[in-house]
$ cat input.txt   # compact mmCIF, C-alpha atoms
# COMPACT_ATOMS: atom_id res chain seq x y z
CA MET A 13 89.73 166.46 117.80
CA ALA A 14 93.36 166.74 118.85
CA VAL A 15 93.46 167.46 122.57
CA PHE A 16 96.99 166.30 123.31
CA SER A 17 100.10 167.30 121.46
CA GLY A 18 103.06 165.67 119.78
CA PRO A 19 103.77 161.97 120.20
CA LEU A 20 100.79 161.34 122.52
CA GLN A 21 98.26 162.60 119.98
CA SER A 22 100.06 160.76 117.17
CA LEU A 23 99.70 157.47 119.04
CA ILE A 24 96.03 158.21 119.84
CA ASP A 25 95.43 158.89 116.14
CA GLU A 26 97.22 155.73 115.00
CA LEU A 27 95.37 153.54 117.51
CA GLY A 28 92.07 155.17 116.51
CA ARG A 29 92.56 153.85 112.96
CA LEU A 30 92.44 150.22 114.15
CA PRO A 31 89.13 148.34 113.78
CA GLY A 32 86.90 148.51 116.85
CA ILE A 33 88.94 151.18 118.62
CA GLY A 34 87.22 154.54 119.08
CA PRO A 35 88.79 157.80 120.28
CA LYS A 36 88.16 157.05 123.97
CA SER A 37 89.70 153.56 123.78
CA ALA A 38 92.65 154.99 121.86
CA GLN A 39 93.23 157.51 124.66
CA ARG A 40 92.90 154.82 127.31
CA ILE A 41 95.39 152.51 125.57
CA THR A 42 97.82 155.40 125.00
CA PHE A 43 97.84 156.31 128.69
CA HIS A 44 98.14 152.64 129.57
CA LEU A 45 101.22 152.36 127.35
CA LEU A 46 102.60 155.51 128.96
CA LYS A 47 102.42 153.78 132.34
CA VAL A 48 103.77 150.30 131.54
CA ALA A 49 107.45 149.40 131.63
CA PRO A 50 109.30 150.54 128.48
CA GLU A 51 110.16 146.94 127.54
CA ASP A 52 106.46 145.96 127.52
CA ALA A 53 105.57 148.78 125.13
CA LEU A 54 108.57 148.01 122.94
CA ARG A 55 107.54 144.35 122.75
CA LEU A 56 104.23 145.46 121.24
CA ALA A 57 105.97 147.76 118.75
CA GLU A 58 108.38 145.00 117.76
CA ALA A 59 105.56 142.46 117.40
CA ILE A 60 103.87 144.78 114.88
CA ILE A 61 107.12 145.14 112.93
CA ALA A 62 107.77 141.37 113.03
CA VAL A 63 104.32 140.57 111.62
CA LYS A 64 104.82 142.96 108.72
CA GLU A 65 108.33 141.66 108.02
CA ARG A 66 107.87 137.92 108.45
CA ILE A 67 104.27 136.96 107.69
CA THR A 68 103.45 136.19 104.07
CA LEU A 69 100.65 134.35 102.30
CA CYS A 70 101.11 130.67 101.47
CA THR A 71 102.09 130.38 97.81
CA ARG A 72 99.68 127.46 97.36
CA CYS A 73 96.58 128.12 99.50
CA PHE A 74 96.95 131.79 100.61
CA ASN A 75 96.76 130.97 104.30
CA VAL A 76 99.15 132.99 106.48
CA ALA A 77 102.70 131.62 106.33
CA GLU A 78 106.25 132.52 107.17
CA GLY A 79 107.63 132.42 103.64
CA GLY A 80 106.77 129.73 101.06
CA LEU A 81 104.10 127.23 102.10
CA CYS A 82 101.89 127.49 105.21
CA ALA A 83 101.99 125.10 108.17
CA ILE A 84 99.02 123.11 106.82
CA CYS A 85 100.30 122.74 103.24
CA LEU A 86 103.60 121.51 104.68
CA VAL A 87 101.95 118.55 106.48
CA ASP A 88 102.19 115.50 104.19
CA ARG A 89 99.72 113.26 105.99
CA ARG A 90 96.77 115.60 105.38
CA ASP A 91 94.38 114.45 102.65
CA ALA A 92 95.23 116.50 99.54
CA ALA A 93 92.17 115.13 97.70
CA SER A 94 89.82 117.25 99.81
CA VAL A 95 90.04 121.05 99.77
CA CYS A 96 88.05 123.33 102.04
CA VAL A 97 87.50 126.80 100.56
CA VAL A 98 87.26 129.61 103.15
CA GLU A 99 87.14 133.41 102.96
CA ASP A 100 89.76 134.27 105.57
CA PRO A 101 92.76 132.59 107.23
CA ARG A 102 90.95 132.91 110.58
CA ASP A 103 88.21 130.63 109.26
CA ILE A 104 90.82 127.85 109.02
CA VAL A 105 91.25 128.08 112.79
CA SER A 106 87.48 127.64 113.25
CA VAL A 107 87.36 124.60 110.96
CA GLU A 108 90.47 123.06 112.53
CA ARG A 109 88.91 123.41 115.98
CA THR A 110 86.04 121.11 114.96
CA GLY A 111 88.48 118.24 114.37
CA GLU A 112 86.19 117.09 111.52
CA PHE A 113 88.42 117.95 108.60
CA SER A 114 91.84 116.63 107.69
CA GLY A 115 92.24 117.88 104.13
CA LYS A 116 93.85 121.01 102.73
CA TYR A 117 92.52 124.55 102.44
CA HIS A 118 92.17 127.36 99.95
CA VAL A 119 91.75 130.91 101.24
CA LEU A 120 89.86 133.23 98.89
CA GLN A 121 90.92 136.33 100.83
CA GLY A 122 87.37 137.66 100.87
CA ALA A 123 83.94 137.09 99.30
CA LEU A 124 82.20 138.47 96.23
CA ASN A 125 80.79 141.90 97.02
CA PRO A 126 79.86 143.96 93.94
CA ILE A 127 78.97 147.02 96.07
CA GLU A 128 82.49 147.19 97.43
CA GLY A 129 83.97 146.36 94.05
CA ILE A 130 85.12 142.87 94.98
CA GLY A 131 84.70 140.54 92.00
CA PRO A 132 86.32 137.18 91.17
CA ASP A 133 89.53 138.94 90.09
CA GLN A 134 90.02 140.40 93.57
CA LEU A 135 89.76 136.92 95.11
CA ARG A 136 92.00 133.89 94.73
CA VAL A 137 89.52 132.19 92.38
CA ARG A 138 91.83 131.68 89.41
CA GLU A 139 94.41 130.09 91.72
CA LEU A 140 91.74 127.65 92.99
CA LEU A 141 90.86 126.61 89.43
CA VAL A 142 94.56 126.04 88.64
CA ARG A 143 94.87 123.88 91.76
CA VAL A 144 91.83 121.82 90.75
CA GLU A 145 93.40 121.26 87.33
CA GLU A 146 96.90 120.48 88.53
CA GLU A 147 96.40 118.70 91.86
CA ASP A 148 94.49 115.47 92.39
CA ILE A 149 91.48 117.08 94.12
CA LYS A 150 88.33 114.93 94.45
CA GLU A 151 86.12 117.17 96.65
CA VAL A 152 85.87 120.91 97.16
CA ILE A 153 83.95 121.93 100.30
CA LEU A 154 82.59 125.47 99.98
CA CYS A 155 82.96 126.83 103.49
CA THR A 156 82.28 130.55 102.91
CA ASN A 157 80.10 132.42 105.41
CA PRO A 158 76.34 131.67 105.30
CA ASN A 159 75.54 135.32 104.54
CA LEU A 160 74.67 137.12 101.30
CA GLU A 161 78.25 137.54 100.06
CA GLY A 162 79.38 134.08 101.18
CA GLU A 163 76.40 132.35 99.55
CA ALA A 164 76.91 134.24 96.29
CA THR A 165 80.58 133.26 96.32
CA ALA A 166 79.72 129.61 96.96
CA MET A 167 77.16 129.59 94.11
CA TYR A 168 79.64 131.23 91.76
CA LEU A 169 82.39 128.73 92.59
CA ALA A 170 80.01 125.75 92.37
CA ARG A 171 79.08 126.76 88.84
CA LEU A 172 82.73 126.96 87.83
CA LEU A 173 83.85 123.79 89.59
CA LYS A 174 81.06 121.31 88.85
CA PRO A 175 81.81 121.03 85.09
CA MET A 176 85.39 120.11 86.04
CA GLY A 177 84.14 116.73 87.23
CA LEU A 178 84.68 116.77 90.98
CA THR A 179 82.38 116.67 94.01
CA VAL A 180 81.41 120.16 95.15
CA THR A 181 79.73 120.43 98.55
CA ARG A 182 78.46 123.30 100.72
CA ILE A 183 78.44 123.30 104.54
CA ALA A 184 74.97 122.86 106.04
CA SER A 185 72.86 125.72 107.34
CA GLY A 186 70.46 124.96 110.20
CA LEU A 187 69.78 125.42 113.88
CA PRO A 188 72.90 125.78 116.02
CA VAL A 189 73.52 122.89 118.43
CA GLY A 190 71.98 123.77 121.81
CA GLY A 191 69.65 126.21 120.05
CA ASP A 192 65.94 126.69 120.51
CA LEU A 193 63.20 126.49 117.85
CA GLU A 194 61.36 129.36 119.53
CA TYR A 195 64.23 131.77 118.92
CA ALA A 196 65.28 130.56 115.47
CA ASP A 197 64.74 133.04 112.66
CA GLU A 198 62.55 131.78 109.82
CA LEU A 199 65.36 131.72 107.25
CA THR A 200 67.53 129.48 109.43
CA LEU A 201 64.60 127.22 110.32
CA GLY A 202 63.66 127.06 106.64
CA ARG A 203 67.18 125.97 105.78
CA ALA A 204 67.13 123.41 108.58
CA LEU A 205 63.92 121.90 107.15
CA GLU A 206 65.26 121.98 103.60
CA GLY A 207 68.44 120.21 104.72
CA ARG A 208 66.66 117.54 106.80
CA ARG A 209 68.22 114.08 106.80
CA GLU A 210 66.79 110.65 107.38
CA VAL A 211 67.32 109.48 110.92
CA GLU A 212 69.63 106.52 111.11
CA ALA A 213 68.41 104.21 113.83
CA MET B 23 94.91 129.64 123.74
CA ALA B 24 97.57 129.99 121.05
CA VAL B 25 95.99 129.11 117.71
CA PHE B 26 98.43 130.85 115.42
CA SER B 27 102.17 130.52 115.49
CA GLY B 28 105.21 132.74 115.62
CA PRO B 29 104.94 136.48 115.07
CA LEU B 30 101.17 136.45 114.50
CA GLN B 31 100.45 134.88 117.89
CA SER B 32 103.00 137.16 119.57
CA LEU B 33 101.18 140.22 118.26
CA ILE B 34 97.79 138.80 119.28
CA ASP B 35 99.18 138.20 122.78
CA GLU B 36 100.69 141.67 123.08
CA LEU B 37 97.49 143.37 121.86
CA GLY B 38 95.43 141.23 124.26
CA ARG B 39 97.32 142.78 127.17
CA LEU B 40 95.98 146.26 126.37
CA PRO B 41 92.99 147.52 128.37
CA GLY B 42 89.62 146.82 126.75
CA ILE B 43 91.01 144.46 124.10
CA GLY B 44 89.92 140.84 124.35
CA PRO B 45 91.30 137.86 122.40
CA LYS B 46 88.84 138.31 119.50
CA SER B 47 89.62 142.03 119.10
CA ALA B 48 93.33 141.26 119.29
CA GLN B 49 92.94 138.74 116.44
CA ARG B 50 90.89 141.19 114.41
CA ILE B 51 93.44 143.99 114.84
CA THR B 52 96.33 141.63 114.04
CA PHE B 53 94.74 140.55 110.76
CA HIS B 54 93.90 144.17 110.01
CA LEU B 55 97.57 145.11 110.48
CA LEU B 56 98.54 142.19 108.26
CA LYS B 57 96.46 143.69 105.46
CA VAL B 58 97.35 147.39 105.68
CA ALA B 59 100.31 148.93 103.87
CA PRO B 60 103.62 148.31 105.70
CA GLU B 61 104.15 152.05 106.28
CA ASP B 62 100.80 152.34 108.11
CA ALA B 63 101.71 149.52 110.50
CA LEU B 64 105.20 150.93 111.01
CA ARG B 65 103.73 154.35 111.84
CA LEU B 66 101.83 152.73 114.72
CA ALA B 67 104.93 150.91 115.95
CA GLU B 68 106.96 154.10 115.77
CA ALA B 69 104.26 156.10 117.57
CA ILE B 70 104.47 153.64 120.48
CA ILE B 71 108.24 153.96 120.60
CA ALA B 72 108.07 157.77 120.38
CA VAL B 73 105.63 157.99 123.30
CA LYS B 74 107.89 155.87 125.49
CA GLU B 75 110.99 157.80 124.48
CA ARG B 76 109.73 161.37 124.50
CA ILE B 77 106.82 161.69 126.95
CA THR B 78 107.73 162.42 130.57
CA LEU B 79 105.84 163.78 133.55
CA CYS B 80 105.99 167.52 134.25
CA THR B 81 108.53 168.09 137.01
CA ARG B 82 106.16 170.53 138.73
CA CYS B 83 102.58 169.24 138.30
CA PHE B 84 103.03 165.68 136.93
CA ASN B 85 100.93 166.31 133.84
CA VAL B 86 102.30 164.68 130.66
CA ALA B 87 105.17 166.69 129.18
CA GLU B 88 107.99 166.44 126.68
CA GLY B 89 110.86 166.92 129.10
CA GLY B 90 110.85 169.49 131.94
CA LEU B 91 107.62 171.41 132.45
CA CYS B 92 104.28 170.64 130.76
CA ALA B 93 102.50 172.88 128.27
CA ILE B 94 100.26 174.33 131.00
CA CYS B 95 103.01 175.07 133.53
CA LEU B 96 104.93 176.85 130.74
CA VAL B 97 102.12 179.38 130.13
CA ASP B 98 102.87 182.50 132.19
CA ARG B 99 99.49 184.19 131.93
CA ARG B 100 97.68 181.36 133.77
CA ASP B 101 96.76 182.15 137.38
CA ALA B 102 99.35 180.40 139.56
CA ALA B 103 97.39 181.24 142.73
CA SER B 104 94.73 178.66 141.88
CA VAL B 105 95.61 174.96 141.59
CA CYS B 106 93.20 172.28 140.43
CA VAL B 107 94.06 168.82 141.79
CA VAL B 108 93.11 165.93 139.49
CA GLU B 109 93.76 162.18 139.49
CA ASP B 110 94.91 161.73 135.91
CA PRO B 111 96.37 163.86 133.10
CA ARG B 112 93.28 163.09 131.03
CA ASP B 113 91.15 164.90 133.63
CA ILE B 114 93.01 168.10 132.75
CA VAL B 115 91.59 167.82 129.24
CA SER B 116 88.07 167.56 130.67
CA VAL B 117 88.53 170.61 132.91
CA GLU B 118 90.16 172.63 130.12
CA ARG B 119 87.23 171.87 127.85
CA THR B 120 84.83 173.65 130.24
CA GLY B 121 86.72 176.93 129.75
CA GLU B 122 85.92 177.76 133.40
CA PHE B 123 89.40 177.41 134.84
CA SER B 124 92.53 179.36 134.04
CA GLY B 125 94.83 178.32 136.91
CA LYS B 126 97.42 175.60 137.19
CA TYR B 127 97.05 171.87 137.87
CA HIS B 128 98.47 169.15 140.05
CA VAL B 129 98.11 165.54 138.92
CA LEU B 130 98.04 163.00 141.76
CA GLN B 131 98.56 160.07 139.35
CA GLY B 132 95.74 158.11 140.96
CA ALA B 133 93.44 158.09 144.00
CA LEU B 134 93.68 156.54 147.45
CA ASN B 135 92.70 152.87 147.23
CA PRO B 136 93.75 150.77 150.25
CA ILE B 137 92.48 147.53 148.65
CA GLU B 138 94.88 147.96 145.73
CA GLY B 139 97.64 149.16 148.04
CA ILE B 140 97.57 152.78 146.87
CA GLY B 141 98.26 155.09 149.83
CA PRO B 142 99.44 158.72 149.95
CA ASP B 143 103.02 157.61 149.27
CA GLN B 144 102.00 156.13 145.90
CA LEU B 145 100.43 159.46 144.87
CA ARG B 146 101.99 162.88 144.30
CA VAL B 147 100.71 164.17 147.66
CA ARG B 148 104.03 165.20 149.17
CA GLU B 149 104.86 167.16 146.01
CA LEU B 150 101.53 169.02 146.33
CA LEU B 151 102.30 170.01 149.92
CA VAL B 152 105.74 171.25 148.85
CA ARG B 153 104.14 173.35 146.10
CA VAL B 154 101.65 174.86 148.57
CA GLU B 155 104.55 175.82 150.83
CA GLU B 156 106.83 177.17 148.13
CA GLU B 157 104.47 178.71 145.58
CA ASP B 158 102.01 181.51 146.22
CA ILE B 159 98.88 179.32 146.05
CA LYS B 160 95.64 180.84 147.42
CA GLU B 161 93.09 178.18 146.45
CA VAL B 162 93.27 174.44 145.90
CA ILE B 163 90.30 172.96 144.01
CA LEU B 164 89.91 169.25 144.73
CA CYS B 165 88.77 167.86 141.41
CA THR B 166 89.12 164.11 142.03
CA ASN B 167 86.36 161.79 140.80
CA PRO B 168 83.06 161.84 142.74
CA ASN B 169 83.38 158.14 143.58
CA LEU B 170 84.54 156.31 146.73
CA GLU B 171 88.28 156.60 146.06
CA GLY B 172 88.09 160.16 144.74
CA GLU B 173 86.02 161.37 147.70
CA ALA B 174 88.37 159.72 150.19
CA THR B 175 91.33 161.33 148.46
CA ALA B 176 89.63 164.75 148.52
CA MET B 177 88.82 164.41 152.25
CA TYR B 178 92.36 163.33 153.02
CA LEU B 179 93.89 166.25 151.10
CA ALA B 180 91.44 168.76 152.62
CA ARG B 181 92.52 167.74 156.11
CA LEU B 182 96.18 168.22 155.20
CA LEU B 183 95.73 171.49 153.32
CA LYS B 184 93.26 173.45 155.45
CA PRO B 185 95.67 173.98 158.37
CA MET B 186 98.11 175.51 155.88
CA GLY B 187 95.86 178.56 155.64
CA LEU B 188 94.51 178.50 152.12
CA THR B 189 91.07 178.07 150.59
CA VAL B 190 90.30 174.44 149.84
CA THR B 191 87.26 173.73 147.65
CA ARG B 192 85.63 170.62 146.21
CA ILE B 193 83.78 170.47 142.88
CA ALA B 194 79.99 170.24 143.27
CA SER B 195 78.05 167.01 142.99
CA GLY B 196 74.50 167.24 141.74
CA LEU B 197 72.20 166.57 138.82
CA PRO B 198 73.87 166.69 135.41
CA VAL B 199 72.72 169.56 133.18
CA GLY B 200 69.90 168.32 130.95
CA GLY B 201 69.19 165.55 133.47
CA ASP B 202 65.88 164.40 134.82
CA LEU B 203 64.81 164.21 138.50
CA GLU B 204 62.90 161.02 137.75
CA TYR B 205 66.06 159.17 136.75
CA ALA B 206 68.44 160.66 139.33
CA ASP B 207 69.78 158.21 141.90
CA GLU B 208 69.08 159.15 145.50
CA LEU B 209 72.73 159.81 146.38
CA THR B 210 73.13 162.32 143.57
CA LEU B 211 69.80 163.98 144.33
CA GLY B 212 70.76 164.10 148.02
CA ARG B 213 74.01 165.82 147.11
CA ALA B 214 72.17 168.23 144.85
CA LEU B 215 69.84 169.21 147.73
CA GLU B 216 72.74 169.48 150.15
CA GLY B 217 74.62 171.75 147.73
CA ARG B 218 71.62 173.99 146.94
CA ARG B 219 72.33 177.67 146.37
CA GLU B 220 70.23 180.78 146.76
CA VAL B 221 68.74 181.89 143.47
CA GLU B 222 70.14 185.22 142.35
CA ALA B 223 67.38 187.18 140.67

$ encode --input "input.txt" --output "structure tokens"
Amino acid sequence: MAVFSGPLQSLIDELGRLPGIGPKSAQRITFHLLKVAPEDALRLAEAIIAVKERITLCTRCFNVAEGGLCAICLVDRRDAASVCVVEDPRDIVSVERTGEFSGKYHVLQGALNPIEGIGPDQLRVRELLVRVEEEDIKEVILCTNPNLEGEATAMYLARLLKPMGLTVTRIASGLPVGGDLEYADELTLGRALEGRREVEA
Amino acid sequence: MAVFSGPLQSLIDELGRLPGIGPKSAQRITFHLLKVAPEDALRLAEAIIAVKERITLCTRCFNVAEGGLCAICLVDRRDAASVCVVEDPRDIVSVERTGEFSGKYHVLQGALNPIEGIGPDQLRVRELLVRVEEEDIKEVILCTNPNLEGEATAMYLARLLKPMGLTVTRIASGLPVGGDLEYADELTLGRALEGRREVEA
């Protein structure tokens, strides 16, 4: 529904294509940009162009990078024997924030999803297998999402990796810290019971 | 909280400054733009630049325009004797959609709001008075929002315009069509009673 004309409607249309932005938000942002100082709007336009021109995928782990290797692959003191496999570069940020992991990463760039036509060939699976063969990797931590697609991907990778003679682990599912048994869904509580550990005291 | 570096974080920051976009949405949009074809991202950047370069405010009514007069002021067959005063150019779209008005507009570019330092001098009030003096305007319809700021603005304008010898009207407040008495707030219902009209039968 084009209610404005020319450049205004073009911008509304372009913004409306972004994830999570509906027609009303697109209008609101357009009129906001109309009001701000020209240099502020241009900074946004230039930031978009810079991302498309300068950001690439790491040639080793497929994290975001600025040409060649990513910031994490470039750090020598990180433990190259331990590789954490994630779906998306943003997941690296989540893992890094825990402070619990000091190894390297491998970004699959998605998860198996037959309905949407995403099979192993659409993901960076072959590149992971090459890394396992060529690098001195002792443990692969499967850190895909604990949903249907992520679990299937983890199972698939585990079956490929285990025969290669290295430790393959999966992150634990269970109750979130600060959570409440009363509000836990039965699947999560079931997983928490299944993954119970002996109390060290 | 800058978790990415360089151009990625710059784009996340710039997007986060837009209305209604929080840090998570900004990240999501940034990674979406990283994935789309370069020409799609560039189209968005160019649309922003085009809006800032080409869109101006109508020199007569302060609606959005592409240089000089806006699309509505340029139409001769619209009734120039009737002017609808709105806060924002987007309100013109809402009024036009009703199909009930065929006059001209005047966009105040806001509403009186002493707390935020918006007085008559920050709005296009003087320009409205000049138009009333110079053009052959018979009726001014005050179509500001039915909230505190909009009502105050309407009252203020009515007091200025009435002595100039023209009809000054305010849009009706009342129950929305398809509404329900049970769920109407008392202010709205009060206004609806106050604005009751004799049934023509």

$ closest_residue --input "input.txt" --among "B:Ile71, B:Ala174, B:Val154, B:Ala133" --to "Arg192 in chain B" --atoms "only C-alpha atoms"
B:Ala174

$ interface_residues --input "input.txt" --of "chain B" --to "chain A" --cutoff "7 Å" --atoms "all atoms listed in the file" --output "compact mmCIF listing (two decimals) with C-alpha atoms, keeping the file's coordinate frame"
# COMPACT_ATOMS: atom_id res chain seq x y z
CA VAL B 25 95.99 129.11 117.71
CA PRO B 29 104.94 136.48 115.07
CA LEU B 30 101.17 136.45 114.50
CA SER B 32 103.00 137.16 119.57
CA LEU B 33 101.18 140.22 118.26
CA GLU B 36 100.69 141.67 123.08
CA LEU B 40 95.98 146.26 126.37
CA PRO B 41 92.99 147.52 128.37
CA ILE B 51 93.44 143.99 114.84
CA LEU B 56 98.54 142.19 108.26
CA PRO B 60 103.62 148.31 105.70
CA ALA B 63 101.71 149.52 110.50
CA LEU B 64 105.20 150.93 111.01
CA LEU B 66 101.83 152.73 114.72
CA ALA B 67 104.93 150.91 115.95
CA ALA B 69 104.26 156.10 117.57
CA ILE B 70 104.47 153.64 120.48
CA ILE B 71 108.24 153.96 120.60
CA ALA B 72 108.07 157.77 120.38
CA VAL B 73 105.63 157.99 123.30
CA LYS B 74 107.89 155.87 125.49
CA VAL B 115 91.59 167.82 129.24

$ axis_aligned_box --input "input.txt" --around "range 136-140 of chain A" --padding-each-side "3 Å" --output "JSON"
{"center_x": 92.0, "center_y": 130.8, "center_z": 92.1, "size_x": 10.9, "size_y": 12.2, "size_z": 11.3}

$ residues_around --input "input.txt" --residues "Val108 in chain B" --least-positions-apart "5" --cutoff "12 Å" --atoms "only C-alpha atoms" --output "short mmCIF file (atom, residue, chain, number, x, y, z; two decimals) with C-alpha atoms, in the frame of the given file"
data_model
loop_
_atom_site.label_atom_id
_atom_site.label_comp_id
_atom_site.auth_asym_id
_atom_site.auth_seq_id
_atom_site.Cartn_x
_atom_site.Cartn_y
_atom_site.Cartn_z
CA CYS B 83 102.58 169.24 138.30
CA PHE B 84 103.03 165.68 136.93
CA ASN B 85 100.93 166.31 133.84
CA ASP B 113 91.15 164.90 133.63
CA ILE B 114 93.01 168.10 132.75
CA VAL B 115 91.59 167.82 129.24
CA SER B 116 88.07 167.56 130.67
CA VAL B 117 88.53 170.61 132.91
CA GLU B 118 90.16 172.63 130.12
CA LYS B 126 97.42 175.60 137.19
CA TYR B 127 97.05 171.87 137.87
CA HIS B 128 98.47 169.15 140.05
CA VAL B 129 98.11 165.54 138.92
CA LEU B 130 98.04 163.00 141.76
CA GLN B 131 98.56 160.07 139.35
CA GLY B 132 95.74 158.11 140.96
CA ALA B 133 93.44 158.09 144.00
CA LEU B 145 100.43 159.46 144.87
CA ARG B 146 101.99 162.88 144.30
CA VAL B 147 100.71 164.17 147.66
CA LEU B 150 101.53 169.02 146.33
CA VAL B 162 93.27 174.44 145.90
CA ILE B 163 90.30 172.96 144.01
CA LEU B 164 89.91 169.25 144.73
CA CYS B 165 88.77 167.86 141.41
CA THR B 166 89.12 164.11 142.03
CA ASN B 167 86.36 161.79 140.80
CA PRO B 168 83.06 161.84 142.74
CA GLY B 172 88.09 160.16 144.74
CA GLU B 173 86.02 161.37 147.70
CA THR B 175 91.33 161.33 148.46
CA ALA B 176 89.63 164.75 148.52
CA LEU B 179 93.89 166.25 151.10
CA ARG B 192 85.63 170.62 146.21
CA ILE B 193 83.78 170.47 142.88
#

$ closest_residue --input "input.txt" --among "A:Ile149, A:Ala204, A:Leu173, A:Val95" --to "Gly186 in chain A" --atoms "all atoms listed in the file"
A:Ala204

$ atom_distance --input "input.txt" --atom1 "CA of Arg219 in chain B" --atom2 "CA of Ser195 in chain B"
12.6 Å

$ residues_around --input "input.txt" --residues "Met176 in chain A" --least-positions-apart "5" --cutoff "10 Å" --atoms "all atoms listed in the file" --output "PyMOL selection string"
chain A and resi 141+144-145+171

$ atom_distance --input "input.txt" --atom1 "CA of Ile94 in chain B" --atom2 "CA of Arg148 in chain B"
20.7 Å

$ atom_distance --input "input.txt" --atom1 "CA of Gln134 in chain A" --atom2 "CA of Glu161 in chain A"
13.7 Å

$ residues_near_point --input "input.txt" --point "(98.2, 114.4, 102.5)" --cutoff "12 Å" --atoms "only C-alpha atoms" --output "PyMOL selection string"
chain A and resi 84-95+114-117+147-149
